[in-house]
>>> print(open('run-v5.txt').read())   # compact mmCIF, C-alpha atoms and all ligand atoms
# COMPACT_ATOMS: atom_id res chain seq x y z
CA MET A 1 83.53 -115.54 -62.21
CA SER A 2 83.47 -113.71 -58.91
CA LYS A 3 83.40 -115.57 -55.62
CA ARG A 4 79.98 -116.33 -54.15
CA VAL A 5 78.61 -114.09 -51.40
CA ARG A 6 78.01 -116.41 -48.43
CA LYS A 7 78.22 -114.18 -45.39
CA ALA A 8 76.34 -111.08 -44.26
CA VAL A 9 77.28 -108.58 -41.57
CA LEU A 10 74.37 -107.10 -39.62
CA PRO A 11 75.31 -104.06 -37.50
CA VAL A 12 72.88 -104.15 -34.57
CA ALA A 13 74.71 -102.31 -31.80
CA GLY A 14 72.89 -98.97 -32.20
CA LEU A 15 70.88 -97.58 -29.30
CA GLY A 16 67.79 -96.68 -31.31
CA THR A 17 67.49 -93.14 -30.00
CA ARG A 18 64.91 -92.26 -32.67
CA VAL A 19 62.56 -95.02 -31.52
CA LEU A 20 62.68 -94.50 -27.76
CA PRO A 21 61.24 -95.26 -25.31
CA GLY A 22 60.26 -98.54 -27.02
CA ALA A 23 63.87 -99.35 -27.82
CA LYS A 24 65.04 -98.86 -24.23
CA THR A 25 64.73 -102.51 -23.21
CA THR A 26 63.85 -104.11 -26.56
CA PRO A 27 66.62 -103.85 -29.15
CA LYS A 28 65.24 -101.66 -31.95
CA GLU A 29 65.94 -104.49 -34.40
CA MET A 30 63.55 -106.67 -32.38
CA LEU A 31 60.58 -104.27 -32.58
CA ASN A 32 57.64 -105.97 -34.24
CA ILE A 33 56.50 -105.36 -37.77
CA PHE A 34 53.00 -106.78 -37.56
CA ASP A 35 53.82 -110.11 -35.90
CA ARG A 36 57.56 -110.65 -36.34
CA PRO A 37 60.63 -108.72 -35.27
CA ILE A 38 62.44 -106.67 -37.90
CA LEU A 39 65.38 -109.11 -37.83
CA SER A 40 63.13 -112.00 -38.81
CA TYR A 41 62.42 -110.24 -42.13
CA ILE A 42 66.09 -109.32 -42.53
CA VAL A 43 67.33 -112.88 -42.03
CA GLU A 44 64.65 -114.12 -44.42
CA GLU A 45 65.90 -111.62 -47.02
CA GLY A 46 69.48 -112.78 -46.48
CA ARG A 47 68.63 -116.47 -46.82
CA ALA A 48 66.73 -115.71 -50.04
CA ALA A 49 69.94 -114.16 -51.40
CA GLY A 50 71.96 -117.29 -50.60
CA ILE A 51 73.51 -116.08 -47.35
CA GLU A 52 74.72 -119.02 -45.26
CA HIS A 53 76.21 -117.18 -42.32
CA PHE A 54 75.00 -114.08 -40.48
CA VAL A 55 77.45 -112.07 -38.39
CA PHE A 56 75.61 -109.87 -35.91
CA VAL A 57 77.69 -107.00 -34.57
CA THR A 58 75.88 -106.45 -31.28
CA GLY A 59 76.38 -104.49 -28.08
CA ARG A 60 75.25 -104.33 -24.47
CA GLY A 61 71.55 -104.98 -23.92
CA LYS A 62 71.08 -106.80 -27.20
CA GLY A 63 70.87 -110.33 -25.78
CA ALA A 64 67.25 -110.70 -26.97
CA ILE A 65 68.58 -111.04 -30.52
CA GLU A 66 70.54 -114.21 -29.75
CA ASP A 67 67.66 -115.62 -27.74
CA TYR A 68 65.19 -115.03 -30.55
CA PHE A 69 67.09 -117.26 -32.96
CA ASP A 70 67.60 -120.03 -30.38
CA HIS A 71 65.18 -122.64 -28.99
CA HIS A 72 62.75 -121.66 -26.24
CA PRO A 73 62.05 -125.18 -24.88
CA GLU A 74 59.30 -124.20 -22.45
CA LEU A 75 57.35 -122.22 -25.05
CA GLU A 76 57.80 -124.88 -27.69
CA SER A 77 56.62 -127.74 -25.45
CA GLN A 78 53.60 -125.67 -24.30
CA LEU A 79 52.56 -124.99 -27.90
CA GLU A 80 53.09 -128.64 -28.74
CA ALA A 81 51.06 -129.86 -25.77
CA LYS A 82 48.18 -127.52 -26.65
CA GLY A 83 48.20 -128.59 -30.28
CA LYS A 84 49.03 -125.09 -31.52
CA THR A 85 51.03 -126.48 -34.39
CA GLU A 86 50.70 -123.51 -36.76
CA ILE A 87 52.08 -121.03 -34.25
CA LEU A 88 54.79 -123.52 -33.30
CA ALA A 89 55.82 -123.84 -36.95
CA GLU A 90 56.09 -120.04 -37.24
CA VAL A 91 58.24 -119.88 -34.12
CA LEU A 92 60.50 -122.70 -35.31
CA ARG A 93 60.89 -121.22 -38.80
CA ASP A 94 63.08 -118.41 -37.49
CA LEU A 95 65.53 -120.61 -35.58
CA ALA A 96 69.16 -120.38 -36.64
CA ARG A 97 70.37 -123.36 -38.58
CA PRO A 98 73.30 -125.04 -36.80
CA GLY A 99 76.34 -122.76 -37.09
CA GLU A 100 74.51 -120.18 -39.19
CA MET A 101 74.95 -117.21 -36.84
CA SER A 102 77.84 -115.53 -35.07
CA PHE A 103 77.69 -112.70 -32.58
CA VAL A 104 80.51 -110.26 -31.95
CA ARG A 105 80.36 -107.16 -29.77
CA GLN A 106 81.17 -103.64 -30.87
CA MET A 107 82.28 -102.35 -27.50
CA ALA A 108 82.11 -98.63 -28.27
CA PRO A 109 79.78 -96.61 -30.52
CA LEU A 110 82.46 -95.59 -33.02
CA GLY A 111 80.36 -95.75 -36.18
CA LEU A 112 79.21 -98.07 -38.96
CA GLY A 113 82.72 -98.50 -40.38
CA HIS A 114 83.99 -99.66 -37.01
CA ALA A 115 81.03 -102.02 -36.61
CA VAL A 116 81.75 -103.70 -39.95
CA TRP A 117 85.46 -103.91 -39.08
CA CYS A 118 84.53 -105.81 -35.88
CA ALA A 119 83.34 -108.67 -38.16
CA ARG A 120 86.64 -108.99 -40.07
CA ASP A 121 87.88 -112.25 -38.54
CA ILE A 122 84.56 -114.01 -38.96
CA VAL A 123 84.18 -112.88 -42.57
CA GLY A 124 87.75 -113.61 -43.63
CA ALA A 125 89.01 -113.18 -47.19
CA GLU A 126 85.83 -113.40 -49.24
CA PRO A 127 83.22 -110.99 -50.60
CA PHE A 128 80.43 -110.36 -48.11
CA ALA A 129 77.15 -108.51 -47.74
CA VAL A 130 76.27 -105.77 -45.27
CA ILE A 131 72.61 -105.39 -44.36
CA LEU A 132 71.46 -102.38 -42.33
CA PRO A 133 68.47 -103.81 -40.44
CA ASP A 134 66.82 -100.41 -39.92
CA MET A 135 66.04 -100.34 -43.61
CA LEU A 136 63.31 -102.86 -44.29
CA MET A 137 62.87 -103.46 -47.99
CA ALA A 138 59.76 -104.90 -49.59
CA ALA A 139 60.45 -106.24 -53.05
CA GLU A 140 59.34 -109.02 -55.36
CA THR A 141 62.97 -110.17 -55.70
CA PRO A 142 64.42 -109.45 -52.25
CA ALA A 143 66.74 -106.42 -52.26
CA LEU A 144 69.90 -108.30 -51.27
CA ALA A 145 69.25 -110.93 -53.94
CA GLN A 146 69.16 -108.09 -56.48
CA ALA A 147 72.53 -106.86 -55.18
CA VAL A 148 74.05 -110.35 -55.26
CA ALA A 149 72.80 -110.81 -58.85
CA ALA A 150 74.50 -107.52 -59.78
CA HIS A 151 77.70 -108.78 -58.14
CA ASP A 152 77.48 -112.02 -60.14
CA GLN A 153 77.18 -109.85 -63.25
CA VAL A 154 79.90 -107.21 -62.75
CA GLY A 155 81.90 -108.34 -59.68
CA GLY A 156 83.65 -105.78 -57.46
CA ASN A 157 81.61 -103.84 -54.95
CA ILE A 158 77.87 -103.17 -55.17
CA ILE A 159 75.97 -100.50 -53.26
CA VAL A 160 72.18 -100.42 -53.27
CA VAL A 161 70.86 -96.89 -53.74
CA GLU A 162 67.56 -95.14 -54.27
CA PRO A 163 66.27 -91.60 -54.84
CA VAL A 164 66.57 -89.51 -51.71
CA PRO A 165 63.51 -87.59 -50.51
CA GLN A 166 63.75 -83.87 -51.29
CA GLY A 167 65.90 -81.99 -48.78
CA GLU A 168 67.14 -85.10 -46.93
CA ALA A 169 70.44 -85.84 -48.71
CA HIS A 170 72.47 -84.47 -45.78
CA LYS A 171 71.24 -87.38 -43.60
CA TYR A 172 72.69 -90.14 -45.79
CA GLY A 173 75.60 -91.40 -47.87
CA ILE A 174 75.22 -90.06 -51.44
CA VAL A 175 76.86 -91.58 -54.53
CA ALA A 176 78.34 -89.99 -57.66
CA LEU A 177 77.86 -91.86 -60.95
CA ASP A 178 79.71 -92.12 -64.22
CA GLY A 179 76.54 -91.48 -66.26
CA ARG A 180 73.19 -93.14 -65.73
CA ASP A 181 71.98 -95.91 -68.00
CA GLY A 182 69.56 -98.39 -66.47
CA ARG A 183 69.65 -99.44 -62.82
CA LEU A 184 73.27 -100.58 -62.48
CA ASN A 185 75.86 -97.83 -62.96
CA ARG A 186 79.55 -97.45 -62.33
CA MET A 187 80.32 -95.07 -59.49
CA THR A 188 82.89 -92.28 -59.45
CA GLY A 189 82.58 -91.19 -55.84
CA MET A 190 80.52 -91.06 -52.67
CA VAL A 191 80.21 -88.79 -49.69
CA GLU A 192 78.76 -89.33 -46.22
CA LYS A 193 76.23 -86.75 -45.05
CA PRO A 194 77.08 -83.97 -47.55
CA ALA A 195 76.39 -80.37 -46.54
CA PRO A 196 72.98 -79.31 -47.94
CA GLY A 197 73.26 -78.37 -51.61
CA THR A 198 76.59 -80.16 -52.19
CA GLU A 199 75.30 -83.70 -52.85
CA PRO A 200 76.74 -85.21 -56.04
CA SER A 201 73.45 -86.89 -57.09
CA ASN A 202 69.97 -87.62 -55.76
CA LEU A 203 70.81 -91.26 -54.96
CA PHE A 204 71.39 -92.29 -51.37
CA ILE A 205 73.02 -95.41 -49.98
CA SER A 206 70.03 -97.25 -48.60
CA GLY A 207 71.38 -100.19 -46.63
CA ARG A 208 72.45 -103.20 -48.72
CA TYR A 209 76.05 -103.67 -49.84
CA VAL A 210 78.26 -106.35 -51.37
CA LEU A 211 81.87 -105.58 -50.47
CA GLN A 212 85.28 -107.07 -51.09
CA PRO A 213 87.33 -108.06 -48.04
CA GLU A 214 90.04 -105.45 -48.77
CA ILE A 215 87.67 -102.96 -47.12
CA PHE A 216 88.82 -104.33 -43.73
CA GLU A 217 92.44 -103.23 -44.25
CA ILE A 218 91.22 -99.71 -44.98
CA LEU A 219 88.83 -99.65 -42.03
CA GLU A 220 91.65 -100.62 -39.70
CA THR A 221 93.19 -97.14 -39.97
CA GLN A 222 90.14 -95.18 -41.14
CA PRO A 223 90.05 -91.79 -39.39
CA ARG A 224 86.78 -90.48 -38.00
CA GLY A 225 84.56 -88.67 -40.50
CA ALA A 226 81.04 -87.18 -40.46
CA GLY A 227 79.60 -86.96 -36.96
CA GLY A 228 82.98 -87.92 -35.46
CA GLU A 229 82.35 -91.57 -36.45
CA ILE A 230 84.40 -94.08 -38.43
CA GLN A 231 82.35 -94.12 -41.62
CA LEU A 232 81.97 -97.10 -43.93
CA THR A 233 81.36 -94.63 -46.78
CA ASP A 234 84.81 -93.03 -46.32
CA ALA A 235 86.53 -96.43 -46.40
CA MET A 236 84.57 -97.42 -49.51
CA ALA A 237 85.59 -94.15 -51.20
CA THR A 238 89.23 -95.09 -50.56
CA LEU A 239 88.74 -98.65 -51.84
CA MET A 240 87.23 -97.16 -55.02
CA GLY A 241 90.75 -96.01 -55.92
CA ARG A 242 91.65 -99.71 -56.35
CA GLN A 243 88.43 -101.56 -57.14
CA ASP A 244 85.21 -101.12 -59.10
CA PHE A 245 82.07 -99.89 -57.39
CA HIS A 246 78.63 -100.06 -58.95
CA ALA A 247 75.45 -98.46 -57.61
CA LEU A 248 72.29 -100.53 -58.02
CA GLU A 249 68.90 -98.80 -57.99
CA TYR A 250 66.94 -101.73 -56.66
CA GLU A 251 63.28 -102.41 -57.44
CA GLY A 252 61.17 -102.22 -54.30
CA THR A 253 60.10 -100.01 -51.42
CA THR A 254 62.20 -99.09 -48.38
CA TYR A 255 60.85 -98.45 -44.88
CA ASP A 256 63.19 -96.73 -42.41
CA CYS A 257 62.35 -98.58 -39.19
CA GLY A 258 64.85 -96.54 -37.22
CA ASP A 259 62.22 -93.80 -37.28
CA LYS A 260 58.79 -93.82 -35.60
CA ILE A 261 56.72 -92.94 -38.68
CA GLY A 262 58.80 -95.31 -40.81
CA LEU A 263 58.06 -98.05 -38.29
CA LEU A 264 54.34 -97.27 -38.47
CA ARG A 265 54.40 -97.30 -42.30
CA ALA A 266 56.22 -100.65 -42.28
CA ASN A 267 53.67 -102.16 -39.90
CA VAL A 268 50.79 -101.12 -42.13
CA ALA A 269 52.53 -102.06 -45.38
CA PHE A 270 53.70 -105.49 -44.24
CA ALA A 271 50.27 -106.38 -42.83
CA LEU A 272 48.70 -105.39 -46.16
CA ARG A 273 51.23 -107.59 -48.01
CA ARG A 274 50.29 -110.67 -46.01
CA PRO A 275 47.57 -112.61 -47.85
CA ASP A 276 46.25 -114.19 -44.62
CA VAL A 277 45.59 -110.89 -42.82
CA ALA A 278 45.42 -108.26 -45.59
CA GLU A 279 41.62 -108.08 -45.60
CA ALA A 280 41.29 -107.70 -41.83
CA ALA A 281 44.14 -105.16 -41.82
CA ARG A 282 42.51 -103.10 -44.56
CA ALA A 283 39.19 -103.06 -42.69
CA ALA A 284 40.87 -102.05 -39.44
CA ILE A 285 42.84 -99.23 -41.09
CA ARG A 286 39.79 -97.97 -42.99
CA ALA A 287 37.77 -97.83 -39.79
CA LEU A 288 40.42 -95.60 -38.23
CA LEU A 289 40.49 -93.05 -41.04
C1 LIG A 301 74.27 -95.10 -42.54
C2 LIG A 301 75.30 -94.93 -43.65
C3 LIG A 301 74.75 -94.04 -44.76
C4 LIG A 301 73.43 -94.61 -45.25
C5 LIG A 301 72.46 -94.79 -44.09
C6 LIG A 301 71.18 -95.49 -44.53
O1 LIG A 301 74.09 -93.86 -41.90
O2 LIG A 301 76.48 -94.38 -43.11
O3 LIG A 301 75.67 -93.96 -45.83
O4 LIG A 301 72.88 -93.74 -46.24
O5 LIG A 301 73.04 -95.57 -43.04
O6 LIG A 301 70.29 -95.57 -43.46
P1 LIG A 301 73.38 -93.72 -40.44
O7 LIG A 301 71.93 -93.96 -40.68
O8 LIG A 301 74.02 -94.76 -39.58
O9 LIG A 301 73.68 -92.33 -40.02
>>> encode(input="run-v5.txt", output="structure tokens")
Amino acid sequence: MSKRVRKAVLPVAGLGTRVLPGAKTTPKEMLNIFDRPILSYIVEEGRAAGIEHFVFVTGRGKGAIEDYFDHHPELESQLEAKGKTEILAEVLRDLARPGEMSFVRQMAPLGLGHAVWCARDIVGAEPFAVILPDMLMAAETPALAQAVAAHDQVGGNIIVVEPVPQGEAHKYGIVALDGRDGRLNRMTGMVEKPAPGTEPSNLFISGRYVLQPEIFEILETQPRGAGGEIQLTDAMATLMGRQDFHALEYEGTTYDCGDKIGLLRANVAFALRRPDVAEAARAAIRALL
């Protein structure tokens, strides 16, 4: 029986250059999807997968993230005094449970691998999840819960993947599989941002991982890769020489909120998924078309 996945690393130091100017003073992870910041959905997904501790790898200008998960006494007492109990309950729902969140700074933009490595001391020697908050996933069983279930089944390392849109493989990490039978398949390789036409499959790494702690030792000396950055994919490819990796094609829909149109799609889709506002949202969208 493999060890339980209790901790998740959330890399949130990125500048959000694809969603400027909005992300200039609001961390891109705090941009709203309908009525809640992206990270509210991400933490909800993590909790649903049994995550007990979230490690945010932050950077300068990201203080709003910590504030969001803490009390706002003035706001809370105002809502209370005015009897706005429903709104108050929604605000309180997102608070961190005592000791549930840690924040560590990535002090230089050296890449995703470096960001994950910054969490090594807080994670320690146990399997852990990585959630890329840009990728918002709508699914009946939350995406990370699907990955954790796969880890319970086969152990080792699990990477969530999905079919890459035509012609976009060079923007992502792409996996190589040892045959394809069902949704969970053993991997034989992976490459970060392959040159067009050289990708080993049509499945891209889409932002949820379960990793073994040995990845940290590899990241410690990982040379820079694609884009001059320390790549998590390169370190995972090295770890694959010693440990099993499985790719999981999860069931659900991904919205890339690091991109303006992706953000718009997520706003529309998540409003339509909400029973309390779906009808009004549909009417408003129809009227615009
Ligand atoms: C990162 C990962 C890449 C993955 C992608 C998903 O790339 O390195 O493997 O496919 O996220 O969004 P980035 O988007 O940071 O370039």
>>> closest_residue(input="run-v5.txt", among="A:Gly113, A:Pro127, A:Gly22, A:Gly16", to="Val148 (chain A)", atoms="only C-alpha atoms")
A:Pro127
>>> residues_near_ligand(input="run-v5.txt", ligand="ligand LIG 301 (chain A)", cutoff="9 Å", atoms="all atoms listed in the file", output="tab-separated table (two decimals) with C-alpha atoms, in the coordinates of the input")
chain	number	residue	atom	x	y	z
A	14	GLY	CA	72.89	-98.97	-32.20
A	111	GLY	CA	80.36	-95.75	-36.18
A	112	LEU	CA	79.21	-98.07	-38.96
A	113	GLY	CA	82.72	-98.50	-40.38
A	132	LEU	CA	71.46	-102.38	-42.33
A	133	PRO	CA	68.47	-103.81	-40.44
A	134	ASP	CA	66.82	-100.41	-39.92
A	135	MET	CA	66.04	-100.34	-43.61
A	161	VAL	CA	70.86	-96.89	-53.74
A	169	ALA	CA	70.44	-85.84	-48.71
A	171	LYS	CA	71.24	-87.38	-43.60
A	172	TYR	CA	72.69	-90.14	-45.79
A	173	GLY	CA	75.60	-91.40	-47.87
A	174	ILE	CA	75.22	-90.06	-51.44
A	190	MET	CA	80.52	-91.06	-52.67
A	191	VAL	CA	80.21	-88.79	-49.69
A	192	GLU	CA	78.76	-89.33	-46.22
A	193	LYS	CA	76.23	-86.75	-45.05
A	204	PHE	CA	71.39	-92.29	-51.37
A	205	ILE	CA	73.02	-95.41	-49.98
A	206	SER	CA	70.03	-97.25	-48.60
A	207	GLY	CA	71.38	-100.19	-46.63
A	208	ARG	CA	72.45	-103.20	-48.72
A	226	ALA	CA	81.04	-87.18	-40.46
A	227	GLY	CA	79.60	-86.96	-36.96
A	231	GLN	CA	82.35	-94.12	-41.62
A	232	LEU	CA	81.97	-97.10	-43.93
A	233	THR	CA	81.36	-94.63	-46.78
A	256	ASP	CA	63.19	-96.73	-42.41
A	258	GLY	CA	64.85	-96.54	-37.22
>>> residues_near_point(input="run-v5.txt", point="(74.4, -79.9, -49.4)", cutoff="10 Å", atoms="all atoms listed in the file", output="list in words")
Gly167, Glu168, Ala169, His170, Lys171, Lys193, Pro194, Ala195, Pro196, Gly197, Thr198, Glu199 and Pro200 of chain A
>>> atom_distance(input="run-v5.txt", atom1="CA of Asp67 (chain A)", atom2="CA of Leu95 (chain A)")
9.5 Å
>>> closest_residue(input="run-v5.txt", among="A:Arg60, A:Ala145, A:His71, A:Lys84", to="Arg47 (chain A)", atoms="all atoms listed in the file")
A:Ala145
>>> closest_residue(input="run-v5.txt", among="A:Thr221, A:Ser201, A:Val164, A:Ile158", to="Ala247 (chain A)", atoms="only C-alpha atoms")
A:Ile158
>>> atom_distance(input="run-v5.txt", atom1="CA of Gly46 (chain A)", atom2="CA of Asn202 (chain A)")
26.8 Å
>>> residues_around(input="run-v5.txt", residues="region 137-144 of chain A", least_positions_apart="4", cutoff="12 Å", atoms="only C-alpha atoms", output="MDAnalysis selection string")
chainID A and resid 5:8 38:39 41:51 128:133 148:151 158:162 206:210 248:257 262 265:267 269:274
>>> atom_distance(input="run-v5.txt", atom1="CA of Leu15 (chain A)", atom2="CA of Phe56 (chain A)")
14.7 Å
>>> closest_residue(input="run-v5.txt", among="A:Ala176, A:Val55, A:Leu289, A:Leu203", to="Ala115 (chain A)", atoms="all atoms listed in the file")
A:Val55
>>> closest_residue(input="run-v5.txt", among="A:Val277, A:Leu136, A:Ala237, A:Leu184", to="Gly155 (chain A)", atoms="all atoms listed in the file")
A:Leu184
>>> residues_around(input="run-v5.txt", residues="Thr17 (chain A)", least_positions_apart="3", cutoff="12 Å", atoms="all atoms listed in the file", output="list in words")
Ala13, Gly14, Leu20, Pro21, Gly22, Ala23, Lys24, Thr25, Pro27, Lys28, Cys257, Gly258, Asp259 and Lys260 of chain A
>>> residues_around(input="run-v5.txt", residues="Gly156 (chain A)", least_positions_apart="5", cutoff="7 Å", atoms="all atoms listed in the file", output="ChimeraX atom specification")
/A:151,212,243-245
>>> closest_residue(input="run-v5.txt", among="A:Arg4, A:Phe69, A:Gly61, A:Asp35", to="Arg93 (chain A)", atoms="all atoms listed in the file")
A:Phe69
>>> axis_aligned_box(input="run-v5.txt", around="region 19-22 of chain A", padding_each_side="5 Å", output="AutoDock Vina command-line options")
--center_x 61.5 --center_y -96.5 --center_z -28.4 --size_x 12.4 --size_y 14.0 --size_z 16.2
